[in-house]
>>> print(open('query-v4.txt').read())   # compact mmCIF, C-alpha atoms
# COMPACT_ATOMS: atom_id res chain seq x y z
CA MET A 1428 13.18 26.32 -23.21
CA MET A 1429 12.91 27.96 -19.78
CA LEU A 1430 9.88 25.84 -18.91
CA ARG A 1431 11.73 22.64 -19.80
CA LEU A 1432 14.74 23.77 -17.77
CA ALA A 1433 12.52 24.51 -14.79
CA ALA A 1434 10.90 21.08 -15.09
CA TRP A 1435 14.28 19.33 -15.10
CA LEU A 1436 15.36 21.44 -12.12
CA VAL A 1437 12.29 20.41 -10.13
CA LEU A 1438 12.83 16.75 -11.03
CA GLY A 1439 16.47 17.03 -9.98
CA LEU A 1440 15.54 18.53 -6.62
CA LEU A 1441 13.00 15.75 -6.05
CA ALA A 1442 15.51 13.06 -6.97
CA LEU A 1443 18.37 14.52 -4.90
CA PRO A 1444 17.29 12.98 -1.54
CA VAL A 1445 16.84 9.58 -3.21
CA VAL A 1446 20.29 9.76 -4.79
CA THR A 1447 21.78 10.80 -1.45
CA ILE A 1448 20.23 7.79 0.32
CA VAL A 1449 21.39 5.34 -2.36
CA VAL A 1450 24.95 6.65 -2.41
CA THR A 1451 25.17 6.80 1.39
CA SER A 1452 24.12 3.16 1.64
CA PHE A 1453 27.46 2.14 0.09
CA ASN A 1454 29.51 3.95 2.75
CA ALA A 1455 32.23 1.78 4.26
CA THR A 1456 32.10 3.55 7.62
CA SER A 1457 29.26 4.11 10.07
CA SER A 1458 29.12 7.80 9.21
CA PHE A 1459 26.72 9.35 6.72
CA ALA A 1460 29.48 10.97 4.69
CA PHE A 1461 28.44 12.05 1.20
CA PRO A 1462 30.03 11.11 -1.07
CA PRO A 1463 31.62 8.11 0.72
CA GLU A 1464 35.39 8.07 1.03
CA GLN A 1465 35.33 4.26 0.76
CA TRP A 1466 32.72 2.01 -0.77
CA SER A 1467 31.33 -1.16 0.77
CA LEU A 1468 28.29 -3.46 0.89
CA ARG A 1469 28.59 -3.99 4.64
CA TRP A 1470 25.31 -2.21 5.43
CA TYR A 1471 23.40 -4.34 2.95
CA ARG A 1472 24.81 -7.39 4.70
CA ASN A 1473 23.78 -5.87 8.02
CA VAL A 1474 20.20 -5.58 6.75
CA PHE A 1475 20.02 -9.34 6.28
CA ASP A 1476 21.89 -10.00 9.54
CA THR A 1477 19.39 -8.00 11.62
CA PRO A 1478 16.58 -10.38 12.70
CA VAL A 1479 14.04 -7.63 13.41
CA PHE A 1480 13.99 -6.64 9.73
CA GLY A 1481 13.33 -10.21 8.62
CA SER A 1482 10.49 -10.73 11.09
CA GLY A 1483 9.11 -7.27 10.27
CA LEU A 1484 9.14 -8.09 6.56
CA VAL A 1485 7.26 -11.35 7.16
CA MET A 1486 4.73 -9.54 9.33
CA SER A 1487 4.23 -6.77 6.78
CA LEU A 1488 3.85 -9.23 3.90
CA TRP A 1489 1.30 -11.26 5.88
CA LEU A 1490 -0.69 -8.16 6.77
CA ALA A 1491 -0.55 -6.86 3.21
CA ALA A 1492 -1.70 -10.16 1.71
CA ALA A 1493 -4.50 -10.76 4.24
CA SER A 1494 -5.85 -7.20 4.30
CA SER A 1495 -5.65 -6.91 0.52
CA MET A 1496 -7.66 -10.07 -0.08
CA ILE A 1497 -10.27 -9.09 2.53
CA GLY A 1498 -10.37 -5.55 1.17
CA LEU A 1499 -10.71 -6.83 -2.40
CA VAL A 1500 -13.72 -8.99 -1.56
CA ALA A 1501 -15.40 -6.33 0.60
CA GLY A 1502 -14.52 -3.57 -1.85
CA THR A 1503 -15.94 -5.48 -4.81
CA MET A 1504 -19.24 -6.05 -3.05
CA THR A 1505 -19.38 -2.41 -1.90
CA ALA A 1506 -18.56 -1.05 -5.35
CA LEU A 1507 -21.14 -3.34 -6.95
CA ALA A 1508 -23.83 -2.20 -4.52
CA VAL A 1509 -23.03 1.48 -4.99
CA VAL A 1510 -22.86 1.36 -8.79
CA ARG A 1511 -25.62 -1.10 -9.66
CA TYR A 1512 -28.26 -0.37 -7.03
CA ARG A 1513 -30.12 2.67 -5.73
CA PHE A 1514 -31.03 2.57 -2.04
CA VAL A 1515 -31.53 4.90 0.91
CA GLY A 1516 -28.19 5.85 2.43
CA ARG A 1517 -26.16 4.99 -0.67
CA GLY A 1518 -24.21 8.24 -0.51
CA LEU A 1519 -23.63 7.81 3.22
CA VAL A 1520 -22.22 4.31 2.70
CA LEU A 1521 -19.82 5.58 0.06
CA SER A 1522 -18.76 8.51 2.26
CA LEU A 1523 -18.06 6.24 5.24
CA VAL A 1524 -16.01 3.86 3.09
CA MET A 1525 -13.97 6.76 1.68
CA ALA A 1526 -13.51 8.45 5.08
CA PRO A 1527 -10.02 6.98 5.73
CA LEU A 1528 -8.77 8.94 2.70
CA VAL A 1529 -9.51 12.28 4.37
CA VAL A 1530 -9.08 11.41 8.06
CA PRO A 1531 -5.42 11.61 9.22
CA GLU A 1532 -3.93 8.17 9.87
CA VAL A 1533 -2.87 9.20 13.37
CA VAL A 1534 -6.54 9.83 14.17
CA ILE A 1535 -7.55 6.47 12.68
CA GLY A 1536 -4.93 4.55 14.63
CA LEU A 1537 -5.60 6.30 17.95
CA SER A 1538 -9.39 6.06 17.57
CA LEU A 1539 -9.24 2.36 16.75
CA LEU A 1540 -6.93 1.75 19.72
CA ILE A 1541 -9.32 3.49 22.11
CA TRP A 1542 -12.35 1.67 20.69
CA LEU A 1543 -10.72 -1.77 20.81
CA GLN A 1544 -9.64 -1.23 24.40
CA SER A 1545 -13.14 -0.12 25.39
CA VAL A 1546 -14.91 -3.14 23.84
CA ARG A 1547 -12.07 -5.61 24.65
CA TRP A 1548 -12.65 -7.24 21.27
CA LEU A 1549 -9.38 -7.67 19.38
CA SER A 1550 -5.75 -7.39 20.29
CA GLY A 1551 -2.41 -8.03 18.67
CA ASN A 1552 -2.38 -9.12 15.02
CA GLY A 1553 -6.17 -9.14 14.76
CA ALA A 1554 -6.39 -5.46 15.61
CA ILE A 1555 -3.66 -4.54 13.12
CA LEU A 1556 -5.36 -6.61 10.41
CA LEU A 1557 -8.64 -4.77 11.04
CA LEU A 1558 -6.83 -1.45 10.80
CA HIS A 1559 -5.16 -2.36 7.50
CA CYS A 1560 -8.48 -3.51 6.06
CA LEU A 1561 -9.93 -0.08 6.87
CA VAL A 1562 -6.93 1.63 5.27
CA VAL A 1563 -6.94 -0.31 1.98
CA LEU A 1564 -10.73 -0.51 1.48
CA PRO A 1565 -11.18 3.05 0.09
CA PHE A 1566 -8.54 2.50 -2.61
CA VAL A 1567 -10.15 -0.77 -3.69
CA VAL A 1568 -13.63 0.75 -3.81
CA ARG A 1569 -12.44 3.86 -5.69
CA ILE A 1570 -10.79 1.81 -8.44
CA LEU A 1571 -13.60 -0.73 -8.77
CA VAL A 1572 -16.35 1.91 -8.82
CA ALA A 1573 -14.59 3.55 -11.78
CA ASN A 1574 -14.25 0.20 -13.56
CA LEU A 1575 -17.85 -0.85 -12.96
CA GLN A 1576 -19.13 2.49 -14.20
CA ARG A 1577 -17.42 1.79 -17.52
CA THR A 1578 -18.93 -1.70 -17.72
CA ASP A 1579 -22.14 -2.21 -19.69
CA VAL A 1580 -24.71 -3.79 -17.36
CA ASN A 1581 -26.65 -4.97 -20.39
CA LEU A 1582 -24.04 -7.67 -20.87
CA GLU A 1583 -25.14 -9.21 -17.59
CA HIS A 1584 -28.78 -8.89 -18.57
CA ALA A 1585 -28.05 -10.66 -21.83
CA ALA A 1586 -26.34 -13.50 -19.95
CA MET A 1587 -29.36 -13.85 -17.65
CA LEU A 1588 -31.69 -13.93 -20.65
CA LEU A 1589 -29.62 -16.84 -21.94
CA GLY A 1590 -30.20 -18.78 -18.71
CA ALA A 1591 -27.50 -17.62 -16.29
CA ASN A 1592 -28.48 -16.61 -12.77
CA PRO A 1593 -27.23 -13.21 -11.40
CA VAL A 1594 -24.20 -14.77 -9.69
CA GLN A 1595 -23.17 -16.70 -12.81
CA ALA A 1596 -23.65 -13.60 -14.97
CA PHE A 1597 -21.44 -11.55 -12.66
CA VAL A 1598 -18.71 -14.20 -12.41
CA ARG A 1599 -18.62 -15.09 -16.11
CA VAL A 1600 -19.31 -11.69 -17.67
CA THR A 1601 -18.52 -8.79 -15.32
CA LEU A 1602 -15.50 -10.16 -13.46
CA PRO A 1603 -13.48 -10.80 -16.66
CA THR A 1604 -14.39 -7.28 -17.79
CA ILE A 1605 -13.03 -5.65 -14.64
CA ALA A 1606 -10.11 -8.07 -14.22
CA LYS A 1607 -7.50 -5.34 -14.76
CA GLY A 1608 -9.27 -3.13 -12.25
CA LEU A 1609 -9.24 -5.94 -9.70
CA ALA A 1610 -5.52 -6.51 -10.28
CA GLY A 1611 -4.81 -2.78 -9.99
CA ALA A 1612 -6.86 -2.52 -6.80
CA LEU A 1613 -4.94 -5.47 -5.37
CA VAL A 1614 -1.59 -3.81 -6.16
CA PHE A 1615 -2.68 -0.54 -4.53
CA ALA A 1616 -3.98 -2.37 -1.47
CA LEU A 1617 -0.74 -4.34 -1.09
CA VAL A 1618 1.39 -1.20 -1.30
CA MET A 1619 -0.79 0.86 1.05
CA SER A 1620 -0.85 -1.90 3.65
CA PHE A 1621 2.85 -2.72 3.40
CA HIS A 1622 4.17 0.79 3.93
CA ASN A 1623 1.63 1.95 6.54
CA PHE A 1624 3.35 3.23 9.66
CA THR A 1625 1.47 6.11 11.28
CA ALA A 1626 -1.72 4.23 12.13
CA THR A 1627 -0.04 0.86 12.67
CA PHE A 1628 2.34 2.27 15.29
CA PHE A 1629 -0.54 2.69 17.76
CA LEU A 1630 -1.54 -0.99 17.60
CA VAL A 1631 1.78 -2.78 17.26
CA SER A 1632 2.68 -5.03 20.20
CA THR A 1633 5.38 -7.70 20.24
CA GLN A 1634 5.43 -8.39 16.50
CA GLN A 1635 6.53 -5.31 14.58
CA THR A 1636 5.85 -4.51 10.96
CA LEU A 1637 8.80 -3.49 8.80
CA PRO A 1638 8.07 0.29 8.91
CA VAL A 1639 7.79 0.15 12.71
CA ALA A 1640 10.99 -1.91 12.92
CA ILE A 1641 12.78 0.72 10.82
CA PHE A 1642 11.54 3.48 13.12
CA GLN A 1643 12.68 1.64 16.25
CA TYR A 1644 16.09 0.95 14.69
CA ILE A 1645 16.60 4.63 13.85
CA ARG A 1646 15.89 5.57 17.46
CA THR A 1647 18.76 3.45 18.80
CA GLU A 1648 21.26 3.06 15.95
CA HIS A 1649 23.00 5.65 13.79
CA ASP A 1650 24.48 3.94 10.76
CA PRO A 1651 23.64 3.63 7.02
CA THR A 1652 21.79 0.32 7.48
CA ILE A 1653 18.45 2.07 7.02
CA ALA A 1654 19.81 3.75 3.88
CA ALA A 1655 20.63 0.29 2.49
CA LEU A 1656 17.22 -1.05 3.45
CA SER A 1657 15.53 2.00 1.94
CA THR A 1658 17.42 1.43 -1.30
CA LEU A 1659 16.24 -2.17 -1.44
CA LEU A 1660 12.64 -1.07 -0.81
CA MET A 1661 12.87 1.57 -3.53
CA VAL A 1662 14.16 -1.02 -6.00
CA GLY A 1663 11.29 -3.31 -5.03
CA ALA A 1664 8.78 -0.49 -5.54
CA MET A 1665 10.25 0.32 -8.96
CA VAL A 1666 9.94 -3.34 -9.97
CA ILE A 1667 6.30 -3.40 -8.87
CA VAL A 1668 5.53 -0.22 -10.83
CA TRP A 1669 7.30 -1.56 -13.93
CA VAL A 1670 5.51 -4.92 -13.78
CA THR A 1671 2.16 -3.22 -13.18
CA ASP A 1672 2.71 -0.90 -16.13
CA ARG A 1673 3.74 -3.76 -18.43
CA LEU A 1674 0.90 -6.09 -17.45
CA LEU A 1675 -1.95 -3.69 -16.71
CA GLY A 1676 -1.03 -0.22 -17.84
CA LEU A 1677 -0.74 2.47 -15.17
CA GLU A 1678 -3.42 4.57 -16.85
CA ARG A 1679 -5.93 1.73 -16.31
CA VAL A 1680 -4.88 1.20 -12.70
CA THR A 1681 -4.99 4.84 -11.59
CA LYS A 1682 -8.31 5.77 -13.20
>>> encode(input="query-v4.txt", output="structure tokens")
Amino acid sequence: MMLRLAAWLVLGLLALPVVTIVVTSFNATSSFAFPPEQWSLRWYRNVFDTPVFGSGLVMSLWLAAASSMIGLVAGTMTALAVVRYRFVGRGLVLSLVMAPLVVPEVVIGLSLLIWLQSVRWLSGNGAILLLHCLVVLPFVVRILVANLQRTDVNLEHAAMLLGANPVQAFVRVTLPTIAKGLAGALVFALVMSFHNFTATFFLVSTQQTLPVAIFQYIRTEHDPTIAALSTLLMVGAMVIVWVTDRLLGLERVTK
């Protein structure tokens, strides 16, 4: 009984900031009074009336889609090489791919900024896209390595014995087997790219992503608009989690 009570208490404490943000977003005044004395949707309307949020959303969606597709292709090839083949430096390759998981994002963003400026290679959206590819790649590889390790390679061998070449065997046999893993990796990549702020902030120029636009708005404005936007983003995240669970099963995606 005490353990269950403690668990509910911890869950309540974790949910309290979220509830505060949601309730504050309906405040009729520009103050952050909790609970609101009057209720209104004016700050939700202000979200859609602020152009920087719309352009930031488009930018973030473009980056998430592009980096996720690139990361999915590169991650699939990397996972396939690591799981199916034995070669010198295999462990080093896997460690380098997974490095962004342990290196602080501020270090990744600053290091990439310094390197790009020194080689004068990419700037603007190209640099941010490269950064997001580096950020999402470890998640894609981690999920696909786990899925490929559970896949029987003999199925591919059987397909090749029946006349299929290695590429046909992989496309027709292995890819359908790891389809849920691919979908889960894509969802993770989309989410990680969309919400990234710390590393992206170093490379953003004229076109801001949505997290950077939110940060810049908070620096100059002091009203519940960000609370309304945060509520909308939380609802969107809950929908993504629910759809992922219904279609794929969260236990398959997170393994």
>>> atom_distance(input="query-v4.txt", atom1="CA of Ser1487 (chain A)", atom2="CA of Phe1566 (chain A)")
18.4 Å
>>> residues_around(input="query-v4.txt", residues="region 1469-1481 of chain A", least_positions_apart="4", cutoff="10 Å", atoms="only C-alpha atoms", output="VMD selection string")
chain A and resid 1451 to 1457 1485 to 1487 1634 to 1641 1643 to 1644 1650 to 1656 1658 to 1659
>>> write_last_selection(input="query-v4.txt", atoms="C-alpha atoms", output="CSV table (one decimal), in the frame of the given file")
chain,number,residue,atom,x,y,z
A,1451,THR,CA,25.2,6.8,1.4
A,1452,SER,CA,24.1,3.2,1.6
A,1453,PHE,CA,27.5,2.1,0.1
A,1454,ASN,CA,29.5,4.0,2.8
A,1455,ALA,CA,32.2,1.8,4.3
A,1456,THR,CA,32.1,3.6,7.6
A,1457,SER,CA,29.3,4.1,10.1
A,1485,VAL,CA,7.3,-11.4,7.2
A,1486,MET,CA,4.7,-9.5,9.3
A,1487,SER,CA,4.2,-6.8,6.8
A,1634,GLN,CA,5.4,-8.4,16.5
A,1635,GLN,CA,6.5,-5.3,14.6
A,1636,THR,CA,5.8,-4.5,11.0
A,1637,LEU,CA,8.8,-3.5,8.8
A,1638,PRO,CA,8.1,0.3,8.9
A,1639,VAL,CA,7.8,0.2,12.7
A,1640,ALA,CA,11.0,-1.9,12.9
A,1641,ILE,CA,12.8,0.7,10.8
A,1643,GLN,CA,12.7,1.6,16.2
A,1644,TYR,CA,16.1,1.0,14.7
A,1650,ASP,CA,24.5,3.9,10.8
A,1651,PRO,CA,23.6,3.6,7.0
A,1652,THR,CA,21.8,0.3,7.5
A,1653,ILE,CA,18.4,2.1,7.0
A,1654,ALA,CA,19.8,3.8,3.9
A,1655,ALA,CA,20.6,0.3,2.5
A,1656,LEU,CA,17.2,-1.0,3.4
A,1658,THR,CA,17.4,1.4,-1.3
A,1659,LEU,CA,16.2,-2.2,-1.4
>>> closest_residue(input="query-v4.txt", among="A:Thr1647, A:Val1562, A:Gln1595, A:Arg1569", to="Ile1535 (chain A)", atoms="only C-alpha atoms")
A:Val1562
>>> closest_residue(input="query-v4.txt", among="A:Leu1556, A:Val1450, A:Leu1609, A:Leu1630", to="Gln1544 (chain A)", atoms="only C-alpha atoms")
A:Leu1630
>>> atom_distance(input="query-v4.txt", atom1="CA of Val1600 (chain A)", atom2="CA of Leu1582 (chain A)")
7.0 Å
>>> residues_around(input="query-v4.txt", residues="Val1510 (chain A)", least_positions_apart="5", cutoff="12 Å", atoms="only C-alpha atoms", output="count of residues only")
20
>>> atom_distance(input="query-v4.txt", atom1="CA of Asp1672 (chain A)", atom2="CA of Leu1613 (chain A)")
14.0 Å
>>> residues_around(input="query-v4.txt", residues="Glu1532 (chain A)", least_positions_apart="5", cutoff="10 Å", atoms="only C-alpha atoms", output="list of chain:residue names")
A:Pro1527, A:Leu1537, A:Ser1538, A:Val1562, A:Asn1623, A:Phe1624, A:Thr1625, A:Ala1626, A:Thr1627
>>> write_last_selection(input="query-v4.txt", atoms="C-alpha atoms", output="compact mmCIF listing (two decimals), in the coordinates of the input")
# COMPACT_ATOMS: atom_id res chain seq x y z
CA PRO A 1527 -10.02 6.98 5.73
CA LEU A 1537 -5.60 6.30 17.95
CA SER A 1538 -9.39 6.06 17.57
CA VAL A 1562 -6.93 1.63 5.27
CA ASN A 1623 1.63 1.95 6.54
CA PHE A 1624 3.35 3.23 9.66
CA THR A 1625 1.47 6.11 11.28
CA ALA A 1626 -1.72 4.23 12.13
CA THR A 1627 -0.04 0.86 12.67
>>> closest_residue(input="query-v4.txt", among="A:Val1563, A:Met1428, A:Val1618, A:Leu1543", to="Met1665 (chain A)", atoms="only C-alpha atoms")
A:Val1618
>>> closest_residue(input="query-v4.txt", among="A:Met1429, A:Ser1495, A:Ser1657, A:Leu1674", to="Pro1444 (chain A)", atoms="all atoms listed in the file")
A:Ser1657
>>> residues_around(input="query-v4.txt", residues="Pro1565 (chain A)", least_positions_apart="6", cutoff="7 Å", atoms="all atoms listed in the file", output="PyMOL selection string")
chain A and resi 1524-1525+1527-1528
>>> residues_around(input="query-v4.txt", residues="Ile1497 (chain A)", least_positions_apart="3", cutoff="12 Å", atoms="all atoms listed in the file", output="PyMOL selection string")
chain A and resi 1490-1494+1500-1504+1556-1564+1567+1612-1613+1616-1617+1620
>>> closest_residue(input="query-v4.txt", among="A:Ala1526, A:Val1662, A:Ala1433, A:Val1631", to="Ile1555 (chain A)", atoms="all atoms listed in the file")
A:Val1631
>>> closest_residue(input="query-v4.txt", among="A:Val1533, A:Leu1523, A:Leu1589, A:Met1661", to="Phe1629 (chain A)", atoms="all atoms listed in the file")
A:Val1533
>>> build_atoms(input="query-v4.txt", residues="region 1631-1642 of chain A", atoms="all heavy atoms", output="PDB file, in the coordinates of the input")
ATOM      1  N   VAL A1631       0.734  -1.773  17.277  1.00  0.00           N
ATOM      2  CA  VAL A1631       1.780  -2.780  17.260  1.00  0.00           C
ATOM      3  C   VAL A1631       2.116  -3.213  18.669  1.00  0.00           C
ATOM      4  O   VAL A1631       2.154  -2.396  19.589  1.00  0.00           O
ATOM      5  CB  VAL A1631       3.024  -2.224  16.533  1.00  0.00           C
ATOM      6  CG1 VAL A1631       4.294  -2.422  17.303  1.00  0.00           C
ATOM      7  CG2 VAL A1631       3.191  -2.846  15.176  1.00  0.00           C
ATOM      8  N   SER A1632       2.347  -4.517  18.865  1.00  0.00           N
ATOM      9  CA  SER A1632       2.680  -5.030  20.200  1.00  0.00           C
ATOM     10  C   SER A1632       4.051  -5.698  20.135  1.00  0.00           C
ATOM     11  O   SER A1632       5.059  -5.032  19.975  1.00  0.00           O
ATOM     12  CB  SER A1632       1.604  -6.008  20.674  1.00  0.00           C
ATOM     13  OG  SER A1632       1.394  -7.045  19.728  1.00  0.00           O
ATOM     14  N   THR A1633       4.096  -7.004  20.259  1.00  0.00           N
ATOM     15  CA  THR A1633       5.380  -7.700  20.240  1.00  0.00           C
ATOM     16  C   THR A1633       5.909  -7.885  18.825  1.00  0.00           C
ATOM     17  O   THR A1633       7.093  -7.743  18.575  1.00  0.00           O
ATOM     18  CB  THR A1633       5.246  -9.080  20.925  1.00  0.00           C
ATOM     19  OG1 THR A1633       4.191  -9.826  20.297  1.00  0.00           O
ATOM     20  CG2 THR A1633       4.925  -8.902  22.400  1.00  0.00           C
ATOM     21  N   GLN A1634       5.024  -8.200  17.891  1.00  0.00           N
ATOM     22  CA  GLN A1634       5.430  -8.390  16.500  1.00  0.00           C
ATOM     23  C   GLN A1634       5.339  -7.070  15.755  1.00  0.00           C
ATOM     24  O   GLN A1634       4.260  -6.503  15.612  1.00  0.00           O
ATOM     25  CB  GLN A1634       4.558  -9.449  15.810  1.00  0.00           C
ATOM     26  CG  GLN A1634       4.885 -10.878  16.237  1.00  0.00           C
ATOM     27  CD  GLN A1634       4.092 -11.883  15.417  1.00  0.00           C
ATOM     28  OE1 GLN A1634       2.911 -12.094  15.644  1.00  0.00           O
ATOM     29  NE2 GLN A1634       4.759 -12.494  14.464  1.00  0.00           N
ATOM     30  N   GLN A1635       6.480  -6.594  15.271  1.00  0.00           N
ATOM     31  CA  GLN A1635       6.530  -5.310  14.580  1.00  0.00           C
ATOM     32  C   GLN A1635       6.425  -5.501  13.077  1.00  0.00           C
ATOM     33  O   GLN A1635       6.918  -6.484  12.532  1.00  0.00           O
ATOM     34  CB  GLN A1635       7.827  -4.581  14.912  1.00  0.00           C
ATOM     35  CG  GLN A1635       8.018  -4.259  16.380  1.00  0.00           C
ATOM     36  CD  GLN A1635       9.349  -3.585  16.635  1.00  0.00           C
ATOM     37  OE1 GLN A1635      10.225  -3.547  15.775  1.00  0.00           O
ATOM     38  NE2 GLN A1635       9.509  -3.045  17.831  1.00  0.00           N
ATOM     39  N   THR A1636       5.797  -4.536  12.416  1.00  0.00           N
ATOM     40  CA  THR A1636       5.850  -4.510  10.960  1.00  0.00           C
ATOM     41  C   THR A1636       7.184  -3.892  10.533  1.00  0.00           C
ATOM     42  O   THR A1636       7.897  -3.305  11.356  1.00  0.00           O
ATOM     43  CB  THR A1636       4.695  -3.681  10.384  1.00  0.00           C
ATOM     44  OG1 THR A1636       4.805  -2.332  10.865  1.00  0.00           O
ATOM     45  CG2 THR A1636       3.349  -4.267  10.814  1.00  0.00           C
ATOM     46  N   LEU A1637       7.512  -4.005   9.266  1.00  0.00           N
ATOM     47  CA  LEU A1637       8.800  -3.490   8.800  1.00  0.00           C
ATOM     48  C   LEU A1637       8.923  -1.982   8.994  1.00  0.00           C
ATOM     49  O   LEU A1637       9.975  -1.512   9.467  1.00  0.00           O
ATOM     50  CB  LEU A1637       9.008  -3.872   7.337  1.00  0.00           C
ATOM     51  CG  LEU A1637      10.369  -3.489   6.743  1.00  0.00           C
ATOM     52  CD1 LEU A1637      11.499  -4.116   7.557  1.00  0.00           C
ATOM     53  CD2 LEU A1637      10.456  -3.910   5.282  1.00  0.00           C
ATOM     54  N   PRO A1638       7.923  -1.153   8.652  1.00  0.00           N
ATOM     55  CA  PRO A1638       8.070   0.290   8.910  1.00  0.00           C
ATOM     56  C   PRO A1638       8.283   0.616  10.388  1.00  0.00           C
ATOM     57  O   PRO A1638       9.081   1.498  10.724  1.00  0.00           O
ATOM     58  CB  PRO A1638       6.740   0.865   8.403  1.00  0.00           C
ATOM     59  CG  PRO A1638       6.281  -0.097   7.371  1.00  0.00           C
ATOM     60  CD  PRO A1638       6.690  -1.444   7.885  1.00  0.00           C
ATOM     61  N   VAL A1639       7.599  -0.088  11.274  1.00  0.00           N
ATOM     62  CA  VAL A1639       7.790   0.150  12.710  1.00  0.00           C
ATOM     63  C   VAL A1639       9.179  -0.297  13.143  1.00  0.00           C
ATOM     64  O   VAL A1639       9.833   0.367  13.957  1.00  0.00           O
ATOM     65  CB  VAL A1639       6.703  -0.571  13.525  1.00  0.00           C
ATOM     66  CG1 VAL A1639       6.963  -0.431  15.028  1.00  0.00           C
ATOM     67  CG2 VAL A1639       5.322  -0.018  13.183  1.00  0.00           C
ATOM     68  N   ALA A1640       9.638  -1.426  12.603  1.00  0.00           N
ATOM     69  CA  ALA A1640      10.990  -1.910  12.920  1.00  0.00           C
ATOM     70  C   ALA A1640      12.048  -0.904  12.468  1.00  0.00           C
ATOM     71  O   ALA A1640      13.046  -0.674  13.171  1.00  0.00           O
ATOM     72  CB  ALA A1640      11.227  -3.264  12.270  1.00  0.00           C
ATOM     73  N   ILE A1641      11.842  -0.302  11.315  1.00  0.00           N
ATOM     74  CA  ILE A1641      12.780   0.720  10.820  1.00  0.00           C
ATOM     75  C   ILE A1641      12.793   1.917  11.772  1.00  0.00           C
ATOM     76  O   ILE A1641      13.861   2.445  12.116  1.00  0.00           O
ATOM     77  CB  ILE A1641      12.378   1.161   9.398  1.00  0.00           C
ATOM     78  CG1 ILE A1641      12.612   0.012   8.409  1.00  0.00           C
ATOM     79  CG2 ILE A1641      13.163   2.394   8.971  1.00  0.00           C
ATOM     80  CD1 ILE A1641      12.106   0.301   7.009  1.00  0.00           C
ATOM     81  N   PHE A1642      11.621   2.348  12.202  1.00  0.00           N
ATOM     82  CA  PHE A1642      11.540   3.480  13.120  1.00  0.00           C
ATOM     83  C   PHE A1642      12.256   3.190  14.436  1.00  0.00           C
ATOM     84  O   PHE A1642      13.001   4.039  14.951  1.00  0.00           O
ATOM     85  CB  PHE A1642      10.063   3.820  13.375  1.00  0.00           C
ATOM     86  CG  PHE A1642       9.854   4.893  14.403  1.00  0.00           C
ATOM     87  CD1 PHE A1642      10.078   6.217  14.083  1.00  0.00           C
ATOM     88  CD2 PHE A1642       9.425   4.576  15.685  1.00  0.00           C
ATOM     89  CE1 PHE A1642       9.885   7.211  15.034  1.00  0.00           C
ATOM     90  CE2 PHE A1642       9.229   5.559  16.633  1.00  0.00           C
ATOM     91  CZ  PHE A1642       9.466   6.887  16.308  1.00  0.00           C
TER      92      PHE A1642
END
